[in-house]
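Shown here: protein.pdb, PDB, C-alpha atoms and all ligand atoms.
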MODEL        1
ATOM      1  CA  MET A 349     -15.090   8.378  62.529
ATOM      2  CA  LYS A 350     -11.798   8.891  60.737
ATOM      3  CA  GLY A 351     -11.537   9.612  56.996
ATOM      4  CA  LYS A 352     -14.105   8.958  54.309
ATOM      5  CA  PHE A 353     -16.711   6.313  53.983
ATOM      6  CA  CYS A 354     -18.537   5.256  50.838
ATOM      7  CA  PRO A 355     -22.151   6.512  50.833
ATOM      8  CA  LYS A 356     -23.125   3.484  48.749
ATOM      9  CA  CYS A 357     -21.556   0.525  50.498
ATOM     10  CA  GLY A 358     -20.134   2.044  53.626
ATOM     11  CA  ALA A 359     -16.592   0.951  52.884
ATOM     12  CA  THR A 360     -13.835   2.924  54.524
ATOM     13  CA  ASP A 361     -10.825   0.795  53.644
ATOM     14  CA  ARG A 362     -10.658   1.435  49.884
ATOM     15  CA  PRO A 363      -9.324   4.166  47.630
ATOM     16  CA  PHE A 364     -11.928   6.770  46.736
ATOM     17  CA  HIS A 365     -12.862   8.461  43.507
ATOM     18  CA  GLY A 366     -15.633  10.973  42.840
ATOM     19  CA  GLY A 367     -16.966  10.682  46.395
ATOM     20  CA  PHE A 368     -17.416   6.898  46.298
ATOM     21  CA  CYS A 369     -15.160   3.950  46.950
ATOM     22  CA  ILE A 370     -13.405   2.902  43.780
ATOM     23  CA  ASP A 371     -15.379  -0.370  43.517
ATOM     24  CA  CYS A 372     -18.732   1.405  43.616
ATOM     25  CA  TYR A 373     -17.459   4.085  41.261
ATOM     26  CA  LEU A 374     -16.375   1.480  38.715
ATOM     27  CA  LYS A 375     -19.696  -0.357  39.034
ATOM     28  CA  ASP A 376     -21.568   2.866  38.336
ATOM     29  CA  HIS A 377     -19.360   3.780  35.415
ATOM     30  CA  PRO A 378     -19.138   0.623  33.336
ATOM     31  CA  GLY A 379     -18.112   2.598  30.253
ATOM     32  CA  LEU A 380     -14.632   3.432  31.540
ATOM     33  CA  ALA A 381     -13.190   0.673  29.424
ATOM     34  CA  GLU A 382     -15.465  -1.066  26.970
ATOM     35  CA  THR A 383     -15.123  -3.245  23.936
ATOM     36  CA  GLU A 384     -18.148  -4.129  21.909
ATOM     37  CA  ASP A 385     -18.512  -7.553  20.347
ATOM     38  CA  ILE A 386     -17.160  -7.715  16.837
ATOM     39  CA  THR A 387     -18.546  -9.347  13.713
ATOM     40  CA  ILE A 388     -16.001  -9.862  11.016
ATOM     41  CA  LYS A 389     -15.822 -11.588   7.630
ATOM     42  CA  ARG A 390     -13.375 -14.462   7.519
ATOM     43  CA  CYS A 391     -12.309 -16.477   4.498
ATOM     44  CA  THR A 392     -13.039 -20.141   5.086
ATOM     45  CA  HIS A 393     -10.113 -21.154   2.861
ATOM     46  CA  CYS A 394      -7.186 -19.016   3.996
ATOM     47  CA  LEU A 395      -8.599 -17.686   7.295
ATOM     48  CA  ARG A 396      -7.818 -14.095   6.415
ATOM     49  CA  VAL A 397     -10.278 -11.523   7.749
ATOM     50  CA  LYS A 398     -11.712  -8.397   6.160
ATOM     51  CA  THR A 399     -11.136  -5.196   8.055
ATOM     52  CA  ARG A 400     -11.677  -1.698   6.686
ATOM     53  CA  GLY A 401     -12.438  -3.227   3.314
ATOM     54  CA  VAL A 402      -9.099  -5.044   3.107
ATOM     55  CA  TRP A 403      -8.330  -8.722   3.544
ATOM     56  CA  GLU A 404      -5.715  -9.134   6.247
ATOM     57  CA  SER A 405      -4.085 -11.925   8.179
ATOM     58  CA  GLY A 406      -6.413 -13.568  10.668
ATOM     59  CA  ALA A 407      -3.547 -14.903  12.776
ATOM     60  CA  PRO A 408      -4.029 -14.493  16.556
ATOM     61  CA  ALA A 409      -1.539 -11.611  16.723
ATOM     62  CA  SER A 410      -3.338  -9.560  14.097
ATOM     63  CA  MET A 411      -6.727 -10.496  15.556
ATOM     64  CA  GLY A 412      -5.403  -9.069  18.830
ATOM     65  CA  GLU A 413      -4.709  -5.812  17.017
ATOM     66  CA  ILE A 414      -8.197  -5.765  15.526
ATOM     67  CA  VAL A 415      -9.815  -6.339  18.925
ATOM     68  CA  ARG A 416      -7.560  -3.706  20.475
ATOM     69  CA  ALA A 417      -8.748  -1.174  17.898
ATOM     70  CA  HIS A 418     -12.306  -1.650  19.239
ATOM     71  CA  VAL A 419     -11.424  -0.770  22.832
ATOM     72  CA  LYS A 420     -12.904   2.486  24.088
ATOM     73  CA  THR A 421     -11.583   3.750  27.385
ATOM     74  CA  SER A 422     -11.501   6.962  29.342
ATOM     75  CA  LEU A 423      -8.935   5.693  31.845
ATOM     76  CA  GLU A 424      -5.739   7.713  31.916
ATOM     77  CA  SER A 425      -2.615   6.274  30.273
ATOM     78  CA  PRO A 426      -4.372   3.045  29.303
ATOM     79  CA  GLU A 427      -2.436  -0.087  28.475
ATOM     80  CA  VAL A 428      -4.446  -2.698  26.635
ATOM     81  CA  THR A 429      -3.664  -6.382  26.471
ATOM     82  CA  VAL A 430      -5.699  -8.831  24.416
ATOM     83  CA  GLU A 431      -5.609 -12.570  24.814
ATOM     84  CA  LEU A 432      -7.425 -15.284  22.943
ATOM     85  CA  VAL A 433      -9.174 -17.426  25.558
ATOM     86  CA  GLU A 434     -11.565 -19.453  23.426
ATOM     87  CA  PRO A 435     -10.517 -20.215  19.860
ATOM     88  CA  GLY A 436     -13.172 -21.359  17.447
ATOM     89  CA  GLU A 437     -14.411 -21.559  13.933
ATOM     90  CA  LYS A 438     -17.627 -19.552  14.149
ATOM     91  CA  LYS A 439     -16.662 -17.347  17.048
ATOM     92  CA  GLU A 440     -13.783 -16.655  19.352
ATOM     93  CA  VAL A 441     -13.610 -15.124  22.785
ATOM     94  CA  TYR A 442     -10.879 -12.661  23.674
ATOM     95  CA  GLU A 443     -10.057 -11.336  27.086
ATOM     96  CA  VAL A 444      -9.354  -7.637  27.037
ATOM     97  CA  THR A 445      -7.581  -6.062  29.981
ATOM     98  CA  VAL A 446      -7.236  -2.315  30.251
ATOM     99  CA  LYS A 447      -4.836  -1.025  32.841
ATOM    100  CA  GLY A 448      -4.882   2.664  33.502
ATOM    101  CA  ALA A 449      -5.496   5.249  36.162
ATOM    102  CA  LEU A 450      -8.518   6.937  37.644
ATOM    103  CA  GLY A 451      -7.178  10.083  39.208
ATOM    104  CA  ALA A 452      -4.351   8.847  41.393
ATOM    105  CA  GLU A 453      -5.660   5.282  41.572
ATOM    106  CA  PRO A 454      -4.381   2.523  39.317
ATOM    107  CA  VAL A 455      -7.281   0.556  37.845
ATOM    108  CA  SER A 456      -7.402  -2.670  35.901
ATOM    109  CA  LEU A 457     -10.557  -3.669  34.042
ATOM    110  CA  THR A 458     -11.069  -6.985  32.321
ATOM    111  CA  GLN A 459     -13.769  -7.891  29.859
ATOM    112  CA  LEU A 460     -14.584 -10.783  27.554
ATOM    113  CA  VAL A 461     -15.210  -9.864  23.950
ATOM    114  CA  THR A 462     -16.800 -12.154  21.403
ATOM    115  CA  VAL A 463     -15.661 -12.061  17.818
ATOM    116  CA  LYS A 464     -18.183 -13.610  15.445
ATOM    117  CA  TYR A 465     -16.984 -14.796  12.081
ATOM    118  CA  GLU A 466     -19.066 -14.579   8.936
ATOM    119  CA  LYS A 467     -18.110 -17.218   6.395
ATOM    120  CA  GLN A 468     -16.776 -15.732   3.182
ATOM    121  CA  THR A 469     -14.446 -16.519   0.332
ATOM    122  CA  CYS A 470     -11.815 -13.832  -0.072
ATOM    123  CA  ASP A 471     -10.872 -12.200  -3.359
ATOM    124  CA  VAL A 472      -7.741 -14.285  -3.862
ATOM    125  CA  CYS A 473      -9.310 -17.627  -2.921
ATOM    126  CA  SER A 474     -12.271 -17.009  -5.197
ATOM    127  CA  ARG A 475      -9.893 -16.199  -8.060
ATOM    128  CA  LYS A 476      -7.908 -19.299  -7.331
ATOM    129  CA  SER A 477     -10.933 -21.559  -7.359
ATOM    130  CA  GLY A 478     -12.177 -19.874 -10.534
ATOM    131  CA  ASN A 479      -8.965 -20.759 -12.414
ATOM    132  CA  TYR A 480      -8.039 -17.082 -12.578
ATOM    133  CA  TYR A 481      -4.476 -16.063 -13.391
ATOM    134  CA  GLU A 482      -2.761 -13.013 -14.804
ATOM    135  CA  ALA A 483       0.521 -14.481 -15.953
ATOM    136  CA  ILE A 484       2.080 -17.795 -16.923
ATOM    137  CA  LEU A 485       5.778 -18.456 -16.826
ATOM    138  CA  GLN A 486       6.539 -21.350 -19.111
ATOM    139  CA  LEU A 487       9.820 -22.892 -18.087
ATOM    140  CA  ARG A 488      11.350 -24.742 -20.997
ATOM    141  CA  PRO A 489      14.801 -26.041 -21.861
ATOM    142  CA  ALA A 490      16.976 -23.789 -24.051
ATOM    143  CA  GLY A 491      18.159 -26.703 -26.155
ATOM    144  CA  ARG A 492      16.788 -30.110 -26.983
ATOM    145  CA  GLU A 493      17.865 -31.705 -23.759
ATOM    146  CA  ILE A 494      16.053 -30.832 -20.603
ATOM    147  CA  ASP A 495      18.362 -30.062 -17.693
ATOM    148  CA  LEU A 496      16.143 -31.285 -14.879
ATOM    149  CA  GLN A 497      18.299 -29.928 -12.132
ATOM    150  CA  ARG A 498      18.344 -26.455 -13.644
ATOM    151  CA  MET A 499      14.592 -26.600 -14.229
ATOM    152  CA  ARG A 500      13.942 -27.668 -10.662
ATOM    153  CA  SER A 501      16.265 -25.030  -9.299
ATOM    154  CA  ALA A 502      14.532 -22.290 -11.347
ATOM    155  CA  LEU A 503      11.176 -23.511 -10.100
ATOM    156  CA  MET A 504      12.328 -23.336  -6.487
ATOM    157  CA  PHE A 505      13.696 -19.886  -7.205
ATOM    158  CA  LEU A 506      10.281 -18.706  -8.433
ATOM    159  CA  ARG A 507       8.566 -20.300  -5.494
ATOM    160  CA  ASN A 508      10.791 -18.477  -3.033
ATOM    161  CA  GLU A 509      10.341 -15.201  -4.904
ATOM    162  CA  ALA A 510       6.560 -15.566  -4.740
ATOM    163  CA  ARG A 511       6.685 -16.545  -1.102
ATOM    164  CA  ALA A 512       8.646 -13.411  -0.240
ATOM    165  CA  MET A 513       6.173 -11.201  -2.115
ATOM    166  CA  VAL A 514       3.086 -12.885  -0.693
ATOM    167  CA  LYS A 515       3.924 -11.480   2.715
ATOM    168  CA  LYS A 516       3.100  -8.035   1.346
ATOM    169  CA  ASP A 517       0.626  -8.874  -1.379
ATOM    170  CA  ARG A 518      -1.296 -12.112  -1.290
ATOM    171  CA  LYS A 519      -2.134 -11.855  -4.970
ATOM    172  CA  ALA A 520       1.552 -12.526  -5.647
ATOM    173  CA  GLU A 521       0.841 -16.169  -4.915
ATOM    174  CA  ILE A 522       1.567 -18.866  -7.458
ATOM    175  CA  PHE A 523      -1.901 -20.232  -8.104
ATOM    176  CA  ARG A 524      -0.877 -23.514  -9.648
ATOM    177  CA  TYR A 525       1.756 -25.483 -11.513
ATOM    178  CA  GLU A 526       1.160 -27.553 -14.584
ATOM    179  CA  MET A 527       3.656 -30.166 -15.678
ATOM    180  CA  VAL A 528       3.917 -30.344 -19.456
ATOM    181  CA  LYS A 529       5.973 -32.589 -21.702
ATOM    182  CA  ASN A 530       9.153 -30.518 -21.767
ATOM    183  CA  GLY A 531       8.827 -28.285 -18.747
ATOM    184  CA  VAL A 532       6.409 -26.693 -16.356
ATOM    185  CA  ASP A 533       3.887 -23.852 -16.499
ATOM    186  CA  VAL A 534       3.745 -21.603 -13.474
ATOM    187  CA  TYR A 535       0.505 -19.653 -13.024
ATOM    188  CA  PHE A 536       0.657 -16.367 -11.146
ATOM    189  CA  GLY A 537      -2.347 -14.553  -9.676
ATOM    190  CA  SER A 538      -0.698 -11.204 -10.265
ATOM    191  CA  ALA A 539       1.020 -10.044 -13.476
ATOM    192  CA  ARG A 540       3.108  -7.573 -11.533
ATOM    193  CA  ALA A 541       4.402 -10.259  -9.176
ATOM    194  CA  ALA A 542       5.171 -12.531 -12.126
ATOM    195  CA  LYS A 543       7.186  -9.764 -13.739
ATOM    196  CA  VAL A 544       9.226  -9.094 -10.597
ATOM    197  CA  ALA A 545       9.888 -12.816 -10.114
ATOM    198  CA  LEU A 546      10.902 -13.103 -13.769
ATOM    199  CA  GLN A 547      13.287 -10.140 -13.549
ATOM    200  CA  HIS A 548      15.020 -11.743 -10.598
ATOM    201  CA  LEU A 549      15.114 -15.075 -12.393
ATOM    202  CA  GLN A 550      16.688 -13.371 -15.411
ATOM    203  CA  ALA A 551      19.402 -11.812 -13.294
ATOM    204  CA  THR A 552      20.340 -15.218 -11.915
ATOM    205  CA  TYR A 553      19.710 -17.654 -14.790
ATOM    206  CA  ARG A 554      20.017 -15.430 -17.877
ATOM    207  CA  PRO A 555      17.350 -17.274 -19.874
ATOM    208  CA  THR A 556      15.913 -16.174 -23.234
ATOM    209  CA  VAL A 557      12.442 -14.775 -22.658
ATOM    210  CA  LYS A 558       9.610 -14.132 -25.090
ATOM    211  CA  GLU A 559       6.351 -12.610 -23.999
ATOM    212  CA  SER A 560       2.909 -12.789 -25.544
ATOM    213  CA  TYR A 561      -0.511 -11.563 -24.537
ATOM    214  CA  THR A 562      -3.898 -13.223 -24.597
ATOM    215  CA  LEU A 563      -7.130 -11.263 -24.451
ATOM    216  CA  LYS A 564      -9.126 -12.498 -21.466
ATOM    217  CA  GLY A 565     -12.143 -10.231 -21.633
ATOM    218  CA  VAL A 566     -13.263  -6.790 -20.579
ATOM    219  CA  ASP A 567     -13.132  -5.515 -17.022
ATOM    220  CA  LYS A 568     -16.737  -4.859 -15.967
ATOM    221  CA  GLU A 569     -15.774  -1.952 -13.732
ATOM    222  CA  THR A 570     -13.257  -0.077 -15.847
ATOM    223  CA  GLY A 571     -14.324  -1.161 -19.328
ATOM    224  CA  LYS A 572     -10.667  -1.890 -20.123
ATOM    225  CA  LYS A 573      -9.570  -4.991 -21.951
ATOM    226  CA  ARG A 574      -7.947  -7.577 -19.738
ATOM    227  CA  TYR A 575      -4.975  -9.549 -20.925
ATOM    228  CA  SER A 576      -2.969 -12.351 -19.462
ATOM    229  CA  VAL A 577       0.714 -12.465 -20.220
ATOM    230  CA  THR A 578       2.673 -15.579 -21.080
ATOM    231  CA  TYR A 579       6.414 -15.613 -20.750
ATOM    232  CA  SER A 580       8.241 -18.344 -22.543
ATOM    233  CA  VAL A 581      11.397 -18.828 -20.523
ATOM    234  CA  ARG A 582      14.188 -20.855 -22.143
ATOM    235  CA  LEU A 583      16.543 -21.970 -19.463
TER     236      LEU A 583
HETATM  237 ZN    ZN B 601     -18.594   1.659  47.861
HETATM  238 ZN    ZN B 602      -8.996 -16.679   1.247
ENDMDL
END
How does the structure come out when it is put into structure tokens?
Amino acid sequence: MKGKFCPKCGATDRPFHGGFCIDCYLKDHPGLAETEDITIKRCTHCLRVKTRGVWESGAPASMGEIVRAHVKTSLESPEVTVELVEPGEKKEVYEVTVKGALGAEPVSLTQLVTVKYEKQTCDVCSRKSGNYYEAILQLRPAGREIDLQRMRSALMFLRNEARAMVKKDRKAEIFRYEMVKNGVDVYFGSARAAKVALQHLQATYRPTVKESYTLKGVDKETGKKRYSVTYSVRL
């Protein structure tokens, strides 16, 4: 007999590793590339997920990253690809493929991983539904006459500002708009975001701005008084 044969299955025509054919070796060492099933909190309203204590995008690309972070492998130079194969509301199935090497042999291992979603309401969505806000920008005309076009343009400006900030901080979202007799009130979830948006608005529209504060209560955790800020913006 020429060459090696596998003491387990008798194969002679396969690459060998650790004294066995590579198939038998892989079967006996299932832990070479493993991903455990994942349970994760997902907001039913915005579909963001909570990882490491932070609410993050639950889009397929970022879910792929989350699944990838759960892969444990002892293959050499592993390359991991993750693909969503079964989308769903309560759970999703991802196919994880780990390509790497076992000694001189290239190896590719594929596994299905289930991600279970626990229904939650995220911090921002719960604030939104609870009528929470940190700042109001009251857009009003500078004179008696309301310049609708200018008002609308300023509103769009704020919307785009908020949209740009939301990519980094979801609290920067505009929570709601309220049409009033001579203008519109814009409610921001974050005072900081409102301030940044206002500064940019000021640079472009040069309105007169007055600010006032309203006591909203006391923060249970820090004991500090909480205020909301109202900016009266005369366009
Ligand atoms: Zn074998
Ligand atoms: Zn949410």
Distance filter 8 Å around ligand ZN 601 (chain B), atoms: all atoms listed in the file, out as a PyMOL selection string: chain A and resi 353-359+368-373
Atomic separation - atom CA of A:Ala452 relative to atom CA of A:Thr383, Å: 23.8 Å
Neighbours of stretch 472-485 of chain A within 7 Å (only C-alpha atoms; same-chain residues fewer than 6 positions away dropped), as a PDB file with C-alpha atoms, in the coordinates of the input?
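What follows is the written file result_2.pdb:
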ATOM      1  CA  HIS A 393     -10.113 -21.154   2.861  1.00  0.00           C
ATOM      2  CA  LYS A 519      -2.134 -11.855  -4.970  1.00  0.00           C
ATOM      3  CA  PHE A 523      -1.901 -20.232  -8.104  1.00  0.00           C
ATOM      4  CA  ASP A 533       3.887 -23.852 -16.499  1.00  0.00           C
ATOM      5  CA  VAL A 534       3.745 -21.603 -13.474  1.00  0.00           C
ATOM      6  CA  TYR A 535       0.505 -19.653 -13.024  1.00  0.00           C
ATOM      7  CA  PHE A 536       0.657 -16.367 -11.146  1.00  0.00           C
ATOM      8  CA  GLY A 537      -2.347 -14.553  -9.676  1.00  0.00           C
ATOM      9  CA  SER A 538      -0.698 -11.204 -10.265  1.00  0.00           C
ATOM     10  CA  ALA A 539       1.020 -10.044 -13.476  1.00  0.00           C
ATOM     11  CA  ALA A 542       5.171 -12.531 -12.126  1.00  0.00           C
ATOM     12  CA  SER A 576      -2.969 -12.351 -19.462  1.00  0.00           C
ATOM     13  CA  VAL A 577       0.714 -12.465 -20.220  1.00  0.00           C
ATOM     14  CA  THR A 578       2.673 -15.579 -21.080  1.00  0.00           C
ATOM     15  CA  TYR A 579       6.414 -15.613 -20.750  1.00  0.00           C
ATOM     16  CA  SER A 580       8.241 -18.344 -22.543  1.00  0.00           C
ATOM     17  CA  VAL A 581      11.397 -18.828 -20.523  1.00  0.00           C
TER      18      VAL A 581
END
Expansion of the PyMOL selection byres (((chain A and resi 410-418) around 7) and not hetatm) into residues, as a ChimeraX atom specification: /A:383-384,405-409,419-420,428,430-431
Which of A:Leu380, A:Val402, A:Val441, A:Val514 sits closest to A:Ser422 [using all atoms listed in the file]: A:Leu380
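Note that the spacing between atom CA of A:Thr556 and atom CA of A:Ala512 amounts to 24.3 Å.
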Best match for closeness to ligand ZN 602 (chain B) among A:Glu382, A:Glu521, A:Asp376, A:Asp471, counting only C-alpha atoms and all ligand atoms: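 Nearest to ligand ZN 602 (chain B): A:Asp471.
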Distance criterion (all atoms listed in the file): nearest to A:Ala510 out of A:His548, A:Lys467, A:Arg574, A:His377: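 For A:Ala510, the nearest of the candidates is A:His548.
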Output check: residues returned by the PyMOL selection byres (((chain A and resi 499) around 10) and not hetatm), as a PyMOL selection string: chain A and resi 487-489+494-498+500-505+531-532+582-583
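Here atom CA of A:Thr562 stands at a distance of 21.9 Å from atom CA of A:Lys529.
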Option closest in space to ligand ZN 602 (chain B), from A:Thr469, A:Thr387, A:Asn530, A:Asn508 [counting all atoms listed in the file]: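 For ligand ZN 602 (chain B), the nearest of the candidates is A:Thr469.
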Picked residues, the PyMOL selection byres (((chain A and resi 464) around 12) and not hetatm), as a list in words: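 When the PyMOL selection byres (((chain A and resi 464) around 12) and not hetatm) is applied to the shown file, the picked residues are Glu384, Asp385, Ile386, Thr387, Ile388, Lys389, Arg390, Val397, Met411, Val415, Glu434, Pro435, Gly436, Glu437, Lys438, Lys439, Glu440, Val441, Tyr442, Val461, Thr462, Val463, Tyr465, Glu466 and Lys467 of chain A.
Residue nearest ligand ZN 602 (chain B), chosen from A:Lys573, A:Arg362, A:Arg518, A:Arg492 and counting only C-alpha atoms and all ligand atoms: A:Arg518.
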Proximity to ligand ZN 602 (chain B) - best of A:Gln468, A:Gln486, A:Thr445, A:Gln459, all atoms listed in the file: A:Gln468
When you get a chance, write out N, CA and C atoms for stretch 490-503 of chain A, as a compact mmCIF listing (two decimals), keeping the file's coordinate frame.
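Resulting contents of part35.txt:
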# COMPACT_ATOMS: atom_id res chain seq x y z
N ALA A 490 16.46 -24.64 -22.97
CA ALA A 490 16.98 -23.79 -24.05
C ALA A 490 17.31 -24.64 -25.28
N GLY A 491 17.82 -25.83 -25.03
CA GLY A 491 18.16 -26.70 -26.16
C GLY A 491 17.19 -27.87 -26.25
N ARG A 492 17.65 -28.93 -26.84
CA ARG A 492 16.79 -30.11 -26.98
C ARG A 492 16.68 -30.88 -25.67
N GLU A 493 17.81 -30.92 -24.99
CA GLU A 493 17.86 -31.70 -23.76
C GLU A 493 17.33 -30.89 -22.60
N ILE A 494 16.56 -31.52 -21.77
CA ILE A 494 16.05 -30.83 -20.60
C ILE A 494 17.02 -31.08 -19.44
N ASP A 495 17.48 -29.97 -18.85
CA ASP A 495 18.36 -30.06 -17.69
C ASP A 495 17.47 -30.01 -16.45
N LEU A 496 17.13 -31.19 -15.95
CA LEU A 496 16.14 -31.28 -14.88
C LEU A 496 16.54 -30.51 -13.63
N GLN A 497 17.83 -30.59 -13.34
CA GLN A 497 18.30 -29.93 -12.13
C GLN A 497 18.14 -28.41 -12.22
N ARG A 498 18.46 -27.90 -13.41
CA ARG A 498 18.34 -26.46 -13.64
C ARG A 498 16.87 -26.04 -13.61
N MET A 499 16.03 -26.85 -14.20
CA MET A 499 14.59 -26.60 -14.23
C MET A 499 14.02 -26.56 -12.81
N ARG A 500 14.42 -27.56 -12.03
CA ARG A 500 13.94 -27.67 -10.66
C ARG A 500 14.43 -26.49 -9.83
N SER A 501 15.69 -26.13 -10.05
CA SER A 501 16.26 -25.03 -9.30
C SER A 501 15.57 -23.70 -9.64
N ALA A 502 15.23 -23.51 -10.93
CA ALA A 502 14.53 -22.29 -11.35
C ALA A 502 13.13 -22.24 -10.73
N LEU A 503 12.52 -23.41 -10.67
CA LEU A 503 11.18 -23.51 -10.10
C LEU A 503 11.19 -23.14 -8.61
